[in-house]
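Source file data12.pdb; content: PDB, C-alpha atoms, pLDDT in the B column.
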ATOM      1  CA  MET A   1     -32.663  82.769 159.982  1.00 49.00           C
ATOM      2  CA  LYS A   2     -35.702  80.496 159.469  1.00 48.00           C
ATOM      3  CA  ARG A   3     -37.637  82.319 162.170  1.00 54.00           C
ATOM      4  CA  ALA A   4     -36.932  85.666 160.522  1.00 48.00           C
ATOM      5  CA  LEU A   5     -37.612  84.211 157.066  1.00 45.00           C
ATOM      6  CA  GLY A   6     -40.990  83.103 158.370  1.00 52.00           C
ATOM      7  CA  LEU A   7     -42.012  86.758 158.385  1.00 55.00           C
ATOM      8  CA  PHE A   8     -41.775  86.666 154.573  1.00 52.00           C
ATOM      9  CA  VAL A   9     -43.176  83.257 153.652  1.00 43.00           C
ATOM     10  CA  GLU A  10     -45.952  80.920 154.729  1.00 44.00           C
ATOM     11  CA  PHE A  11     -44.710  77.396 155.400  1.00 35.00           C
ATOM     12  CA  GLU A  12     -46.657  74.532 153.871  1.00 38.00           C
ATOM     13  CA  PRO A  13     -48.556  72.273 156.318  1.00 37.00           C
ATOM     14  CA  GLY A  14     -46.141  69.693 157.737  1.00 38.00           C
ATOM     15  CA  ASN A  15     -43.074  71.793 156.813  1.00 41.00           C
ATOM     16  CA  GLU A  16     -43.144  74.257 159.676  1.00 40.00           C
ATOM     17  CA  PRO A  17     -39.832  74.843 161.481  1.00 40.00           C
ATOM     18  CA  ALA A  18     -39.516  72.718 164.597  1.00 39.00           C
ATOM     19  CA  ASN A  19     -39.128  75.783 166.814  1.00 42.00           C
ATOM     20  CA  SER A  20     -41.898  77.790 165.181  1.00 41.00           C
ATOM     21  CA  GLN A  21     -44.052  79.786 167.571  1.00 40.00           C
ATOM     22  CA  ASP A  22     -47.059  78.963 165.385  1.00 40.00           C
ATOM     23  CA  GLN A  23     -47.235  75.342 166.563  1.00 38.00           C
ATOM     24  CA  SER A  24     -49.860  76.318 169.131  1.00 37.00           C
ATOM     25  CA  PRO A  25     -52.043  79.437 169.341  1.00 37.00           C
ATOM     26  CA  LEU A  26     -50.640  82.142 171.601  1.00 41.00           C
ATOM     27  CA  SER A  27     -53.090  83.023 174.310  1.00 46.00           C
ATOM     28  CA  GLN A  28     -51.430  86.396 174.767  1.00 56.00           C
ATOM     29  CA  LYS A  29     -49.324  88.355 172.320  1.00 59.00           C
ATOM     30  CA  PHE A  30     -46.746  91.069 172.876  1.00 59.00           C
ATOM     31  CA  PRO A  31     -48.755  94.279 172.462  1.00 60.00           C
ATOM     32  CA  LEU A  32     -47.812  96.524 169.561  1.00 58.00           C
ATOM     33  CA  THR A  33     -51.049  98.500 169.502  1.00 52.00           C
ATOM     34  CA  ASN A  34     -49.219 101.667 170.548  1.00 52.00           C
ATOM     35  CA  ILE A  35     -47.189 101.550 167.338  1.00 49.00           C
ATOM     36  CA  GLN A  36     -49.884 103.589 165.580  1.00 48.00           C
ATOM     37  CA  SER A  37     -49.251 106.533 167.909  1.00 44.00           C
ATOM     38  CA  THR A  38     -45.455 106.419 167.717  1.00 47.00           C
ATOM     39  CA  THR A  39     -44.885 106.169 163.984  1.00 48.00           C
ATOM     40  CA  ASN A  40     -45.109 108.907 161.381  1.00 51.00           C
ATOM     41  CA  THR A  41     -46.708 106.498 158.915  1.00 46.00           C
ATOM     42  CA  PRO A  42     -49.369 104.541 160.814  1.00 46.00           C
ATOM     43  CA  SER A  43     -50.958 103.272 157.615  1.00 51.00           C
ATOM     44  CA  ALA A  44     -47.700 101.529 156.671  1.00 61.00           C
ATOM     45  CA  ILE A  45     -48.542  98.567 158.940  1.00 70.00           C
ATOM     46  CA  SER A  46     -51.752  96.673 158.316  1.00 77.00           C
ATOM     47  CA  GLY A  47     -53.713  94.846 160.969  1.00 78.00           C
ATOM     48  CA  ALA A  48     -52.565  91.505 159.558  1.00 81.00           C
ATOM     49  CA  ASP A  49     -48.900  92.561 159.679  1.00 78.00           C
ATOM     50  CA  LEU A  50     -49.336  93.901 163.187  1.00 80.00           C
ATOM     51  CA  ASP A  51     -50.744  90.573 164.336  1.00 81.00           C
ATOM     52  CA  LYS A  52     -47.940  88.703 162.575  1.00 83.00           C
ATOM     53  CA  PHE A  53     -45.222  90.734 164.310  1.00 82.00           C
ATOM     54  CA  GLU A  54     -46.943  90.456 167.670  1.00 82.00           C
ATOM     55  CA  GLN A  55     -46.975  86.667 167.288  1.00 85.00           C
ATOM     56  CA  HIS A  56     -43.350  86.706 166.163  1.00 86.00           C
ATOM     57  CA  PHE A  57     -42.013  88.708 169.120  1.00 85.00           C
ATOM     58  CA  THR A  58     -44.169  86.792 171.585  1.00 84.00           C
ATOM     59  CA  GLY A  59     -42.694  83.563 170.243  1.00 85.00           C
ATOM     60  CA  LEU A  60     -39.197  84.952 170.699  1.00 84.00           C
ATOM     61  CA  PHE A  61     -39.913  85.923 174.284  1.00 85.00           C
ATOM     62  CA  GLU A  62     -41.592  82.627 175.143  1.00 85.00           C
ATOM     63  CA  LYS A  63     -38.645  80.698 173.758  1.00 86.00           C
ATOM     64  CA  SER A  64     -36.128  82.775 175.761  1.00 81.00           C
ATOM     65  CA  ASN A  65     -38.190  83.064 178.936  1.00 84.00           C
ATOM     66  CA  LEU A  66     -36.378  81.993 182.112  1.00 77.00           C
ATOM     67  CA  PRO A  67     -38.010  80.394 185.159  1.00 81.00           C
ATOM     68  CA  GLY A  68     -39.475  82.859 187.606  1.00 86.00           C
ATOM     69  CA  PRO A  69     -41.044  86.268 187.047  1.00 93.00           C
ATOM     70  CA  ASP A  70     -39.284  88.763 184.801  1.00 92.00           C
ATOM     71  CA  TYR A  71     -40.166  91.391 182.206  1.00 92.00           C
ATOM     72  CA  PHE A  72     -42.043  88.789 180.110  1.00 90.00           C
ATOM     73  CA  GLU A  73     -44.432  87.885 182.924  1.00 92.00           C
ATOM     74  CA  PHE A  74     -44.665  91.549 183.874  1.00 94.00           C
ATOM     75  CA  TRP A  75     -46.052  92.721 180.541  1.00 89.00           C
ATOM     76  CA  LYS A  76     -48.394  89.711 180.298  1.00 90.00           C
ATOM     77  CA  MET A  77     -49.933  90.650 183.634  1.00 92.00           C
ATOM     78  CA  MET A  78     -50.017  94.302 182.553  1.00 92.00           C
ATOM     79  CA  GLU A  79     -52.050  93.266 179.520  1.00 89.00           C
ATOM     80  CA  ALA A  80     -54.314  90.996 181.568  1.00 90.00           C
ATOM     81  CA  LEU A  81     -55.203  93.838 183.969  1.00 92.00           C
ATOM     82  CA  GLN A  82     -55.639  96.524 181.328  1.00 90.00           C
ATOM     83  CA  LYS A  83     -59.422  96.228 181.161  1.00 91.00           C
ATOM     84  CA  HIS A  84     -59.745  96.374 184.945  1.00 93.00           C
ATOM     85  CA  LEU A  85     -57.140  99.089 185.435  1.00 94.00           C
ATOM     86  CA  PRO A  86     -56.785 101.205 182.251  1.00 93.00           C
ATOM     87  CA  ASP A  87     -54.356 103.726 183.790  1.00 94.00           C
ATOM     88  CA  GLU A  88     -50.921 102.317 182.987  1.00 93.00           C
ATOM     89  CA  ASN A  89     -49.157 104.399 185.630  1.00 94.00           C
ATOM     90  CA  ALA A  90     -51.482 102.994 188.278  1.00 95.00           C
ATOM     91  CA  ARG A  91     -51.229  99.475 186.880  1.00 94.00           C
ATOM     92  CA  ILE A  92     -47.410  99.270 186.989  1.00 96.00           C
ATOM     93  CA  PRO A  93     -47.035  99.329 190.811  1.00 96.00           C
ATOM     94  CA  VAL A  94     -49.941  96.891 191.206  1.00 95.00           C
ATOM     95  CA  VAL A  95     -48.369  94.370 188.831  1.00 95.00           C
ATOM     96  CA  PHE A  96     -44.936  94.870 190.349  1.00 96.00           C
ATOM     97  CA  ALA A  97     -46.293  94.316 193.880  1.00 96.00           C
ATOM     98  CA  THR A  98     -48.031  91.125 192.751  1.00 95.00           C
ATOM     99  CA  LEU A  99     -44.934  89.689 191.044  1.00 95.00           C
ATOM    100  CA  SER A 100     -42.568  90.838 193.770  1.00 95.00           C
ATOM    101  CA  VAL A 101     -44.199  88.214 196.001  1.00 94.00           C
ATOM    102  CA  GLN A 102     -42.861  85.652 193.493  1.00 93.00           C
ATOM    103  CA  GLY A 103     -39.364  87.147 193.654  1.00 93.00           C
ATOM    104  CA  LEU A 104     -39.415  89.938 191.051  1.00 94.00           C
ATOM    105  CA  THR A 105     -37.260  92.928 191.941  1.00 95.00           C
ATOM    106  CA  LYS A 106     -36.782  96.277 190.265  1.00 96.00           C
ATOM    107  CA  ASP A 107     -33.266  95.269 189.199  1.00 95.00           C
ATOM    108  CA  SER A 108     -34.405  91.906 187.801  1.00 94.00           C
ATOM    109  CA  LEU A 109     -37.254  93.621 185.944  1.00 95.00           C
ATOM    110  CA  ILE A 110     -34.939  96.179 184.330  1.00 96.00           C
ATOM    111  CA  THR A 111     -32.210  93.602 183.663  1.00 94.00           C
ATOM    112  CA  SER A 112     -34.644  91.163 182.060  1.00 92.00           C
ATOM    113  CA  ALA A 113     -36.197  93.980 179.990  1.00 93.00           C
ATOM    114  CA  ALA A 114     -32.691  94.755 178.681  1.00 94.00           C
ATOM    115  CA  LYS A 115     -32.267  91.046 177.913  1.00 91.00           C
ATOM    116  CA  TYR A 116     -35.433  90.973 175.825  1.00 89.00           C
ATOM    117  CA  LYS A 117     -34.328  94.179 174.132  1.00 92.00           C
ATOM    118  CA  GLN A 118     -31.098  92.411 173.118  1.00 93.00           C
ATOM    119  CA  ILE A 119     -33.148  89.464 171.883  1.00 90.00           C
ATOM    120  CA  ILE A 120     -34.997  91.848 169.584  1.00 89.00           C
ATOM    121  CA  GLU A 121     -31.708  93.419 168.432  1.00 93.00           C
ATOM    122  CA  ASP A 122     -30.342  89.960 167.571  1.00 92.00           C
ATOM    123  CA  ASP A 123     -33.593  89.040 165.825  1.00 90.00           C
ATOM    124  CA  LYS A 124     -33.461  92.314 163.914  1.00 91.00           C
ATOM    125  CA  THR A 125     -30.015  91.356 162.602  1.00 92.00           C
ATOM    126  CA  ALA A 126     -31.339  87.927 161.594  1.00 90.00           C
ATOM    127  CA  PHE A 127     -34.335  89.595 159.958  1.00 89.00           C
ATOM    128  CA  GLU A 128     -32.110  91.953 157.941  1.00 91.00           C
ATOM    129  CA  ASN A 129     -29.991  88.981 156.821  1.00 91.00           C
ATOM    130  CA  ALA A 130     -33.142  87.088 155.831  1.00 88.00           C
ATOM    131  CA  ALA A 131     -34.406  90.183 154.016  1.00 86.00           C
ATOM    132  CA  ALA A 132     -31.118  90.398 152.109  1.00 88.00           C
ATOM    133  CA  VAL A 133     -31.420  86.726 151.131  1.00 87.00           C
ATOM    134  CA  LYS A 134     -35.043  87.227 150.113  1.00 84.00           C
ATOM    135  CA  GLU A 135     -34.099  90.280 148.070  1.00 82.00           C
ATOM    136  CA  SER A 136     -31.276  88.389 146.369  1.00 83.00           C
ATOM    137  CA  ASP A 137     -33.431  85.327 145.659  1.00 83.00           C
ATOM    138  CA  GLU A 138     -36.645  87.049 144.666  1.00 82.00           C
ATOM    139  CA  VAL A 139     -36.172  90.749 143.922  1.00 83.00           C
ATOM    140  CA  GLU A 140     -32.781  90.650 142.180  1.00 84.00           C
ATOM    141  CA  LYS A 141     -33.767  87.635 140.073  1.00 85.00           C
ATOM    142  CA  ARG A 142     -36.913  89.386 138.910  1.00 88.00           C
ATOM    143  CA  ARG A 143     -34.977  92.610 138.358  1.00 88.00           C
ATOM    144  CA  ASN A 144     -32.477  90.724 136.178  1.00 89.00           C
ATOM    145  CA  ASP A 145     -35.352  89.060 134.304  1.00 91.00           C
ATOM    146  CA  MET A 146     -36.965  92.465 133.808  1.00 93.00           C
ATOM    147  CA  GLN A 147     -33.696  93.938 132.488  1.00 94.00           C
ATOM    148  CA  ALA A 148     -33.323  90.989 130.121  1.00 95.00           C
ATOM    149  CA  LEU A 149     -36.866  91.547 128.832  1.00 95.00           C
ATOM    150  CA  GLN A 150     -36.236  95.269 128.444  1.00 96.00           C
ATOM    151  CA  GLN A 151     -33.081  94.483 126.443  1.00 96.00           C
ATOM    152  CA  LYS A 152     -35.076  92.024 124.324  1.00 96.00           C
ATOM    153  CA  ILE A 153     -37.725  94.684 123.732  1.00 97.00           C
ATOM    154  CA  SER A 154     -35.012  97.166 122.724  1.00 96.00           C
ATOM    155  CA  ASP A 155     -33.343  94.631 120.402  1.00 96.00           C
ATOM    156  CA  ASN A 156     -36.670  93.669 118.835  1.00 96.00           C
ATOM    157  CA  SER A 157     -37.597  97.344 118.431  1.00 96.00           C
ATOM    158  CA  THR A 158     -34.322  97.917 116.587  1.00 96.00           C
ATOM    159  CA  LEU A 159     -34.989  94.826 114.487  1.00 96.00           C
ATOM    160  CA  ILE A 160     -38.528  96.034 113.746  1.00 96.00           C
ATOM    161  CA  GLN A 161     -37.166  99.417 112.616  1.00 95.00           C
ATOM    162  CA  GLN A 162     -34.618  97.666 110.413  1.00 96.00           C
ATOM    163  CA  LEU A 163     -37.243  95.329 108.953  1.00 96.00           C
ATOM    164  CA  THR A 164     -39.613  98.269 108.449  1.00 96.00           C
ATOM    165  CA  GLN A 165     -36.922 100.097 106.494  1.00 96.00           C
ATOM    166  CA  GLU A 166     -36.211  96.980 104.454  1.00 96.00           C
ATOM    167  CA  ILE A 167     -39.931  96.488 103.805  1.00 97.00           C
ATOM    168  CA  THR A 168     -40.291 100.125 102.712  1.00 96.00           C
ATOM    169  CA  ALA A 169     -37.288  99.797 100.381  1.00 96.00           C
ATOM    170  CA  ALA A 170     -38.619  96.507  99.010  1.00 96.00           C
ATOM    171  CA  GLN A 171     -42.041  98.062  98.426  1.00 96.00           C
ATOM    172  CA  GLN A 172     -40.421 100.944  96.566  1.00 96.00           C
ATOM    173  CA  GLN A 173     -38.382  98.521  94.445  1.00 96.00           C
ATOM    174  CA  ALA A 174     -41.492  96.437  93.810  1.00 96.00           C
ATOM    175  CA  ALA A 175     -43.349  99.553  92.655  1.00 96.00           C
ATOM    176  CA  GLU A 176     -40.484 100.469  90.329  1.00 96.00           C
ATOM    177  CA  LEU A 177     -40.388  96.912  88.940  1.00 96.00           C
ATOM    178  CA  LYS A 178     -44.144  96.972  88.420  1.00 95.00           C
ATOM    179  CA  LYS A 179     -43.821 100.249  86.497  1.00 95.00           C
ATOM    180  CA  ALA A 180     -40.957  98.802  84.433  1.00 95.00           C
ATOM    181  CA  ILE A 181     -43.004  95.702  83.662  1.00 96.00           C
ATOM    182  CA  GLU A 182     -45.982  97.794  82.582  1.00 95.00           C
ATOM    183  CA  ASP A 183     -43.723  99.943  80.391  1.00 95.00           C
ATOM    184  CA  GLN A 184     -42.131  96.894  78.787  1.00 95.00           C
ATOM    185  CA  GLU A 185     -45.498  95.202  78.244  1.00 95.00           C
ATOM    186  CA  GLU A 186     -46.771  98.400  76.621  1.00 94.00           C
ATOM    187  CA  LYS A 187     -43.693  98.585  74.373  1.00 94.00           C
ATOM    188  CA  ILE A 188     -43.977  94.917  73.408  1.00 95.00           C
ATOM    189  CA  LEU A 189     -47.704  95.306  72.697  1.00 94.00           C
ATOM    190  CA  SER A 190     -46.983  98.392  70.615  1.00 94.00           C
ATOM    191  CA  SER A 191     -44.191  96.582  68.743  1.00 94.00           C
ATOM    192  CA  ARG A 192     -46.402  93.564  68.088  1.00 94.00           C
ATOM    193  CA  HIS A 193     -49.151  95.792  66.757  1.00 94.00           C
ATOM    194  CA  GLY A 194     -46.705  97.740  64.577  1.00 94.00           C
ATOM    195  CA  TYR A 195     -45.072  94.576  63.300  1.00 95.00           C
ATOM    196  CA  GLN A 196     -48.453  93.050  62.482  1.00 94.00           C
ATOM    197  CA  VAL A 197     -49.535  96.131  60.550  1.00 94.00           C
ATOM    198  CA  ALA A 198     -46.193  96.382  58.720  1.00 94.00           C
ATOM    199  CA  SER A 199     -45.966  92.675  57.925  1.00 95.00           C
ATOM    200  CA  GLU A 200     -49.540  92.593  56.583  1.00 94.00           C
ATOM    201  CA  ALA A 201     -48.750  95.613  54.427  1.00 95.00           C
ATOM    202  CA  MET A 202     -45.627  93.911  53.086  1.00 95.00           C
ATOM    203  CA  ILE A 203     -47.584  90.738  52.341  1.00 95.00           C
ATOM    204  CA  ARG A 204     -50.243  92.731  50.501  1.00 94.00           C
ATOM    205  CA  LYS A 205     -47.484  94.523  48.525  1.00 94.00           C
ATOM    206  CA  ILE A 206     -45.852  91.247  47.563  1.00 95.00           C
ATOM    207  CA  ASN A 207     -49.209  89.701  46.572  1.00 94.00           C
ATOM    208  CA  SER A 208     -49.941  92.748  44.485  1.00 94.00           C
ATOM    209  CA  ASP A 209     -46.555  92.542  42.817  1.00 92.00           C
ATOM    210  CA  ILE A 210     -47.075  88.864  42.060  1.00 94.00           C
ATOM    211  CA  GLN A 211     -50.404  89.663  40.343  1.00 94.00           C
ATOM    212  CA  LYS A 212     -48.714  92.395  38.343  1.00 91.00           C
ATOM    213  CA  PHE A 213     -45.941  90.067  37.285  1.00 92.00           C
ATOM    214  CA  GLU A 214     -48.384  87.442  36.155  1.00 91.00           C
ATOM    215  CA  SER A 215     -50.440  89.858  34.143  1.00 92.00           C
ATOM    216  CA  SER A 216     -47.712  91.939  32.555  1.00 90.00           C
ATOM    217  CA  LEU A 217     -44.954  89.504  31.840  1.00 83.00           C
TER     218      LEU A 217
END
File written out as structure tokens:
Amino acid sequence: MKRALGLFVEFEPGNEPANSQDQSPLSQKFPLTNIQSTTNTPSAISGADLDKFEQHFTGLFEKSNLPGPDYFEFWKMMEALQKHLPDENARIPVVFATLSVQGLTKDSLITSAAKYKQIIEDDKTAFENAAAVKESDEVEKRRNDMQALQQKISDNSTLIQQLTQEITAAQQQAAELKKAIEDQEEKILSSRHGYQVASEAMIRKINSDIQKFESSL
């Protein structure tokens, strides 16, 4: 699982897995250069990703390699001779003849190739499990956080609408109260003025009557 998880994360210095293939530089990597001609979406894999997967599969093969020549040594020699013998069909019998001296047979080559194929199948299962864990830990958590934020936005939007309605109603009530205050102030001012005029008139009438009483009685 850690090996497959390593395809997602970079381990901090000193925390690398003990069996990591990155402990020492690989002098030769499993070639995936032909992937660009066999996929319908060649741009889906960057050069950096291609190098990462080449290192990953090479590490798997090196870890599982058995003594003696097999498919692993076969493809390494195929890669080493590519510049000198570009024609793959011509290169295969040359490499096979060279390794057959060391004990490689057609059956052992095919059998070991099937073994490495199974190694990839097992690693693919581990990778999918690691991807599921990564998705659960990283993607789902962020998706849940995003949904929570979206719900908060929705709740706050509803609250804003409610507060906006309350503010509008309060503004309308405030305007009505302001009008009522102005009306009452105008009425009070008018009453004060009327009372002042009437009371002064009454005082003048009483003063006049007093003068009349004093002069005529």
Chain and number of each residue from the PyMOL selection byres ((chain A and resi 105) around 12), as a list in words:
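Applied to this file, the PyMOL selection byres ((chain A and resi 105) around 12) selects Gly68, Pro69, Asp70, Tyr71, Phe74, Pro93, Val95, Phe96, Ala97, Thr98, Leu99, Ser100, Val101, Gln102, Gly103, Leu104, Lys106, Asp107, Ser108, Leu109, Ile110, Thr111 and Ser112 of chain A.
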Do you know which residues the PyMOL selection byres ((chain A and resi 75) around 10) returns on this file, as a list of chain:residue names?
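Listing what the PyMOL selection byres ((chain A and resi 75) around 10) selects in the shown file: A:Lys29, A:Phe30, A:Pro31, A:Asp70, A:Tyr71, A:Phe72, A:Glu73, A:Phe74, A:Lys76, A:Met77, A:Met78, A:Glu79, A:Ala80, A:Leu81, A:Ile92, A:Val95, A:Ala113.
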Pairwise distance for CA of Gln118 in chain A and CA of Asn89 in chain A, rounded to one decimal in Å:
25.0 Å
